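Okay, final.txt now, which holds compact mmCIF, C-alpha atoms:
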# COMPACT_ATOMS: atom_id res chain seq x y z
CA THR H 17 54.93 103.39 60.34
CA THR H 18 54.86 105.01 63.75
CA MET H 19 52.03 102.72 64.85
CA ALA H 20 53.89 99.67 63.54
CA GLU H 21 57.02 100.70 65.41
CA GLY H 22 54.94 101.13 68.55
CA PHE H 23 53.50 97.63 68.26
CA GLU H 24 56.95 96.21 67.61
CA GLY H 25 58.37 97.99 70.64
CA LYS H 26 55.55 96.69 72.84
CA ARG H 27 56.04 93.16 71.49
CA LYS H 28 59.75 93.24 72.36
CA ALA H 29 58.99 94.66 75.80
CA ASP H 30 56.45 91.89 76.41
CA GLU H 31 59.02 89.30 75.35
CA ILE H 32 61.60 90.75 77.73
CA SER H 33 59.08 91.04 80.57
CA SER H 34 57.75 87.52 80.15
CA SER H 35 61.25 86.07 80.13
CA VAL H 36 62.06 87.54 83.57
CA SER H 37 59.88 86.20 86.37
CA VAL H 38 60.02 88.05 89.69
CA PRO H 39 59.76 85.60 92.62
CA GLU H 40 56.75 86.36 94.81
CA GLY H 41 58.83 86.22 97.97
CA LEU H 42 61.30 88.79 96.65
CA ALA H 43 58.55 91.14 95.51
CA ALA H 44 56.84 90.88 98.90
CA SER H 45 60.09 91.52 100.77
CA LEU H 46 60.89 94.60 98.69
CA ALA H 47 57.37 95.91 99.25
CA GLU H 48 57.67 95.37 103.01
CA PHE H 49 60.78 97.53 103.18
CA GLY H 50 59.58 100.18 100.72
CA GLN H 51 61.91 99.22 97.87
CA SER H 52 59.43 98.03 95.23
CA HIS H 53 60.68 100.70 92.82
CA LEU H 54 63.71 98.50 92.15
CA LEU H 55 61.50 96.19 90.09
CA GLU H 56 59.85 98.89 88.02
CA PHE H 57 61.98 98.58 84.90
CA VAL H 58 61.94 94.79 84.97
CA GLU H 59 58.18 94.60 85.40
CA LYS H 60 57.67 97.06 82.53
CA GLY H 61 59.93 95.00 80.28
CA LEU H 62 62.43 97.82 79.81
CA VAL H 63 65.61 95.81 80.46
CA PRO H 64 67.08 92.82 78.62
CA ALA H 65 66.35 89.44 80.16
CA GLU H 66 69.98 88.82 81.13
CA ASP H 67 70.26 92.16 82.92
CA GLY H 68 66.90 91.66 84.61
CA ALA H 69 67.92 88.24 85.89
CA ALA H 70 71.19 89.67 87.21
CA LEU H 71 69.29 92.38 89.05
CA LEU H 72 66.96 89.84 90.67
CA ASP H 73 69.95 87.78 91.79
CA LYS H 74 71.52 90.90 93.31
CA LEU H 75 68.32 91.92 95.08
CA ALA H 76 67.97 88.43 96.55
CA THR H 77 71.31 88.86 98.35
CA LEU H 78 70.40 92.16 100.05
CA ASP H 79 69.72 92.17 103.78
CA LEU H 80 66.89 94.69 103.55
CA LYS H 81 66.23 94.77 107.29
CA ARG H 82 69.84 95.54 108.07
CA ILE H 83 69.91 98.26 105.40
CA ARG H 84 66.78 99.83 106.88
CA ASP H 85 68.08 99.62 110.46
CA ALA H 86 71.45 101.03 109.45
CA PHE H 87 69.77 103.89 107.60
CA GLN H 88 67.60 104.72 110.59
CA SER H 89 70.60 104.57 112.90
CA THR H 90 72.64 106.81 110.63
CA THR H 91 69.92 109.42 110.21
CA GLY H 92 68.49 109.06 113.71
CA ALA H 93 65.08 108.18 112.28
CA GLY H 94 63.33 105.47 114.27
CA GLU H 95 66.52 103.92 115.59
CA SER H 96 65.76 100.42 116.77
CA GLU H 97 67.09 98.98 120.00
CA GLU H 98 68.02 95.77 118.19
CA ALA H 99 70.19 97.63 115.65
CA THR H 100 71.86 99.64 118.39
CA LYS H 101 72.61 96.51 120.39
CA GLU H 102 74.07 94.77 117.34
CA GLU H 103 76.34 97.68 116.49
CA GLY H 104 77.52 98.21 120.08
CA ASP H 105 78.13 94.50 120.59
CA GLY H 106 78.81 95.09 124.27
CA VAL H 107 82.17 96.78 123.64
CA GLN H 108 83.13 99.36 126.25
CA PRO H 109 86.10 101.77 126.18
CA PRO H 110 88.95 100.87 128.55
CA ASP H 111 89.24 102.67 131.85
CA SER H 112 92.92 103.26 131.22
CA TYR H 113 95.56 102.60 128.61
CA ALA H 114 99.30 102.85 128.20
CA SER H 115 101.57 103.86 125.34
CA VAL H 116 104.89 102.28 124.46
CA ASN H 117 106.66 105.55 125.14
CA GLY H 118 105.43 105.47 128.73
CA LEU H 119 106.66 101.94 129.49
CA GLY H 120 109.88 101.05 131.26
CA ASP H 121 112.56 98.86 129.70
CA GLU H 122 111.36 95.71 131.44
CA GLU H 123 107.76 96.29 130.38
CA LYS H 124 108.81 96.93 126.79
CA ALA H 125 110.84 93.72 126.77
CA ALA H 126 107.90 91.78 128.20
CA CYS H 127 105.56 93.18 125.54
CA PHE H 128 108.05 92.36 122.80
CA ALA H 129 108.46 88.79 124.07
CA ARG H 130 104.70 88.32 124.31
CA GLY H 131 104.22 89.64 120.77
CA MET H 132 106.89 87.35 119.37
CA ALA H 133 105.37 84.37 121.18
CA GLU H 134 101.99 85.08 119.58
CA ILE H 135 103.58 85.34 116.14
CA VAL H 136 105.54 82.11 116.55
CA ALA H 137 102.38 80.33 117.76
CA GLY H 138 100.59 81.38 114.58
CA ARG H 139 98.09 83.64 116.34
CA ALA H 140 98.96 86.86 114.51
CA ALA H 141 98.51 88.21 111.00
CA VAL H 142 99.09 91.45 109.12
CA LEU H 143 96.12 93.15 107.48
CA VAL H 144 96.54 95.95 104.93
CA LEU H 145 93.45 97.97 103.99
CA GLY H 146 94.51 98.52 100.39
CA GLY H 147 91.21 99.19 98.65
CA GLY H 148 91.80 102.89 98.02
CA GLN H 149 92.61 104.28 94.59
CA GLY H 150 95.42 106.79 94.05
CA THR H 151 93.17 109.27 92.25
CA ARG H 152 94.03 112.21 94.50
CA LEU H 153 97.70 111.39 94.00
CA GLY H 154 97.32 111.58 90.24
CA PHE H 155 97.83 107.81 90.01
CA ASP H 156 95.45 105.49 88.18
CA GLY H 157 95.76 102.45 90.38
CA PRO H 158 95.74 101.21 94.00
CA LYS H 159 97.52 103.51 96.47
CA GLY H 160 99.68 100.58 97.51
CA MET H 161 101.28 100.54 94.04
CA PHE H 162 102.09 104.25 94.02
CA ASP H 163 105.75 105.30 93.73
CA ILE H 164 106.29 107.29 96.94
CA GLY H 165 109.65 108.64 95.79
CA LEU H 166 112.11 106.29 97.48
CA PRO H 167 115.49 105.74 95.75
CA SER H 168 114.66 102.01 95.70
CA LYS H 169 111.34 102.76 93.94
CA ALA H 170 109.68 100.49 96.51
CA THR H 171 105.92 100.88 96.76
CA LEU H 172 103.85 100.71 99.94
CA PHE H 173 102.78 97.15 99.15
CA GLN H 174 106.43 96.16 98.76
CA LEU H 175 107.44 97.87 102.00
CA TYR H 176 104.69 96.14 103.93
CA ALA H 177 105.63 92.74 102.52
CA GLN H 178 109.32 93.28 103.30
CA ARG H 179 108.49 94.30 106.86
CA VAL H 180 106.47 91.12 107.29
CA ARG H 181 109.45 89.10 106.05
CA ARG H 182 111.74 90.89 108.50
CA LEU H 183 109.28 90.28 111.32
CA GLU H 184 109.25 86.58 110.50
CA MET H 185 113.04 86.49 110.81
CA MET H 186 112.89 88.34 114.15
CA ALA H 187 110.33 85.84 115.44
CA ASP H 188 112.54 82.93 114.43
CA GLU H 189 115.50 84.53 116.19
CA ALA H 190 113.43 85.14 119.34
CA ALA H 191 112.26 81.51 119.33
CA GLY H 192 115.81 80.22 118.97
CA ARG H 193 115.03 78.45 115.74
CA PHE H 194 118.31 79.30 114.07
CA GLN H 195 121.32 77.03 114.41
CA LEU H 196 124.41 76.27 112.34
CA GLY H 197 123.41 74.41 109.23
CA GLY H 198 119.84 75.52 109.10
CA MET H 199 116.58 75.84 111.01
CA ARG H 200 115.58 73.65 113.96
CA ALA H 201 111.90 73.97 113.04
CA PRO H 202 109.78 75.21 110.12
CA PRO H 203 110.25 78.98 109.78
CA THR H 204 107.61 81.38 111.01
CA GLN H 205 105.04 82.34 108.41
CA ILE H 206 102.81 85.33 109.11
CA PRO H 207 99.58 85.49 107.07
CA PHE H 208 99.61 88.68 105.01
CA VAL H 209 96.07 89.75 104.18
CA VAL H 210 95.31 92.52 101.69
CA MET H 211 91.89 94.09 101.37
CA THR H 212 91.25 95.33 97.84
CA SER H 213 88.21 96.91 96.19
CA PRO H 214 86.06 95.53 93.37
CA LEU H 215 87.70 98.18 91.16
CA ASN H 216 91.32 97.17 91.75
CA HIS H 217 91.20 93.57 92.98
CA SER H 218 92.62 91.96 89.84
CA THR H 219 95.23 94.72 89.43
CA THR H 220 96.46 94.18 93.00
CA THR H 221 96.60 90.40 92.83
CA SER H 222 98.45 90.54 89.50
CA TYR H 223 100.94 93.07 90.90
CA PHE H 224 101.90 90.78 93.76
CA ALA H 225 102.14 87.73 91.50
CA GLU H 226 104.30 89.55 88.94
CA ASN H 227 106.69 90.60 91.72
CA GLY H 228 107.00 87.19 93.35
CA TYR H 229 104.99 88.35 96.36
CA PHE H 230 108.05 90.37 97.39
CA GLY H 231 109.76 87.44 99.06
CA LEU H 232 106.70 86.03 100.80
CA LYS H 233 105.17 82.65 100.01
CA GLU H 234 102.24 82.74 97.62
CA GLU H 235 100.08 80.69 100.00
CA GLN H 236 100.54 83.13 102.88
CA VAL H 237 99.35 86.16 100.90
CA ARG H 238 95.57 86.38 100.78
CA PHE H 239 93.29 88.91 99.12
CA PHE H 240 89.66 89.83 99.57
CA PRO H 241 87.63 92.65 98.00
CA GLN H 242 86.06 95.31 100.18
CA GLY H 243 82.30 94.90 100.40
CA THR H 244 79.75 97.33 99.01
CA LEU H 245 76.43 98.73 100.21
CA PRO H 246 73.59 100.35 98.28
CA ALA H 247 73.50 104.14 98.11
CA LEU H 248 70.28 105.60 99.50
CA THR H 249 68.22 108.73 99.05
CA PRO H 250 67.50 110.91 102.11
CA GLU H 251 64.21 109.00 102.31
CA GLY H 252 65.94 105.63 102.51
CA LYS H 253 65.21 104.48 98.96
CA ILE H 254 67.91 102.44 97.22
CA ILE H 255 69.29 104.34 94.21
CA MET H 256 69.73 102.78 90.77
CA THR H 257 72.27 103.89 88.19
CA ASN H 258 70.08 102.48 85.43
CA GLY H 259 67.12 100.16 85.09
CA SER H 260 69.03 97.05 86.14
CA THR H 261 71.99 98.23 88.24
CA LEU H 262 72.09 99.38 91.84
CA SER H 263 74.20 102.37 92.84
CA GLU H 264 76.70 101.02 95.36
CA VAL H 265 79.50 102.44 97.47
CA LEU H 266 82.38 100.81 99.30
CA LYS H 267 81.78 100.00 102.94
CA ASN H 268 83.39 102.43 105.33
CA LYS H 269 86.47 101.18 107.20
CA ARG H 270 84.85 102.03 110.52
CA THR H 271 83.44 99.12 112.48
CA ARG H 272 79.87 100.38 112.84
CA PRO H 273 77.76 99.08 109.93
CA ALA H 274 75.56 102.17 110.10
CA ALA H 275 78.53 104.37 109.42
CA ALA H 276 79.12 102.45 106.19
CA LEU H 277 75.78 103.37 104.71
CA ALA H 278 75.84 106.08 102.07
CA VAL H 279 72.98 108.55 102.11
CA VAL H 280 73.12 110.52 98.87
CA HIS H 281 71.58 114.00 98.95
CA SER H 282 70.41 115.61 95.75

I need this file expressed as structure tokens, please.
Amino acid sequence: TTMAEGFEGKRKADEISSSVSVPEGLAASLAEFGQSHLLEFVEKGLVPAEDGAALLDKLATLDLKRIRDAFQSTTGAGESEEATKEEGDGVQPPDSYASVNGLGDEEKAACFARGMAEIVAGRAAVLVLGGGQGTRLGFDGPKGMFDIGLPSKATLFQLYAQRVRRLEMMADEAAGRFQLGGMRAPPTQIPFVVMTSPLNHSTTTSYFAENGYFGLKEEQVRFFPQGTLPALTPEGKIIMTNGSTLSEVLKNKRTRPAAALAVVHS
């Protein structure tokens, strides 16, 4: 019986393995960057065909060179000049800067007028980085939906949306668009962009829809999920959670791609 079960298991494994074909180009690319272990379970026929195919599709989207360069930059191992140049992008810190508190009344008024002009011209938007979960707050959902204790019960998402609406009205007033009987021109519409995470994207979009986008137009509210990157071992190997799934983490909110890479220590 044991022998029969062994043959049956091998037959099923062969069926699974034969139904998932690893492209030669993908296998060569993974080998070049030292990530061939990602194919081990597929090549041994230890994952269902559907899961194996999904893994191959995922692997085909990875920028293995960028992952390697980012890892080396993060750990200081073999940092490449090309990666450093890409991350720096020629940005230099300013020689001097000013704060609003240090400006005179005329300068403040000039800044306000310039800001309103940019908004009216459609060259400004509001971006909310709302991908974080409220776990540490004891809330099972996006932080933007957390009740922060206001008498109105308004959440952070609601407050942001209402501030955008108020800013639109201020821009219209500054542009002289109001007159008796209505508007002289189409009202200002500021794009309101919300970054979510793969974990809470649908929850966030549904929340806004169910609340009528808090007075904003549906077409001006846009959502996009925060990207993910593979988690790596201290040796730079991509980690898998099982035979067909990569271990991924959310990209860091900092601008340097190397800072977004997760190096997981045992």

Quick one: residues within 6 Å of region 204-213 of chain H, only C-alpha atoms counted, chain neighbours fewer than 2 positions away excluded, as a PDB file with C-alpha atoms, in the coordinates of the input?
ATOM      1  CA  VAL H 136     105.540  82.110 116.550  1.00  0.00           C
ATOM      2  CA  ALA H 141      98.510  88.210 111.000  1.00  0.00           C
ATOM      3  CA  VAL H 142      99.090  91.450 109.120  1.00  0.00           C
ATOM      4  CA  LEU H 143      96.120  93.150 107.480  1.00  0.00           C
ATOM      5  CA  VAL H 144      96.540  95.950 104.930  1.00  0.00           C
ATOM      6  CA  LEU H 145      93.450  97.970 103.990  1.00  0.00           C
ATOM      7  CA  GLY H 146      94.510  98.520 100.390  1.00  0.00           C
ATOM      8  CA  GLY H 147      91.210  99.190  98.650  1.00  0.00           C
ATOM      9  CA  GLU H 184     109.250  86.580 110.500  1.00  0.00           C
ATOM     10  CA  LEU H 215      87.700  98.180  91.160  1.00  0.00           C
ATOM     11  CA  ASN H 216      91.320  97.170  91.750  1.00  0.00           C
ATOM     12  CA  HIS H 217      91.200  93.570  92.980  1.00  0.00           C
ATOM     13  CA  GLN H 236     100.540  83.130 102.880  1.00  0.00           C
ATOM     14  CA  VAL H 237      99.350  86.160 100.900  1.00  0.00           C
ATOM     15  CA  ARG H 238      95.570  86.380 100.780  1.00  0.00           C
ATOM     16  CA  PHE H 239      93.290  88.910  99.120  1.00  0.00           C
ATOM     17  CA  PHE H 240      89.660  89.830  99.570  1.00  0.00           C
ATOM     18  CA  PRO H 241      87.630  92.650  98.000  1.00  0.00           C
ATOM     19  CA  GLN H 242      86.060  95.310 100.180  1.00  0.00           C
TER      20      GLN H 242
END

Considering all atoms listed in the file, return as a PyMOL selection string whatever protein or nucleic-acid residues lie within 12 Å of Glu48 (chain H), sequence-local ones (same chain, fewer than 4 positions apart) excluded.
chain H and resi 41-44+52-53+80-81+84

Any idea what the distance is between CA of Leu72 (chain H) and CA of Ala247 (chain H)?
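If I compute the distance from CA of Leu72 (chain H) to CA of Ala247 (chain H), I get 17.4 Å.
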
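Closest to Asp67 (chain H) among H:Ile135, H:Val36, H:Ala187, H:Ile83 is H:Val36, based on all atoms listed in the file.
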
Could you check how far CA of Gly231 (chain H) sits from CA of Arg181 (chain H), in Å to one decimal?
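Distance reported for this atom pair: 7.2 Å.
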
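Put simply, CA of Thr171 (chain H) is 11.3 Å away from CA of Phe224 (chain H).
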
Using all atoms listed in the file, find the one residue out of H:Leu232, H:Ala133, H:Val265, H:Leu71 that sits nearest to Gln174 (chain H).
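Among the listed residues, H:Leu232 lies closest to Gln174 (chain H).
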
Show which residues sit within 12 Å of Gly259 (chain H), as number ranges by chain. Count only C-alpha atoms, and ignore same-chain residues fewer than 3 positions away.
H: 53-65, 67-72, 255-256, 262-263
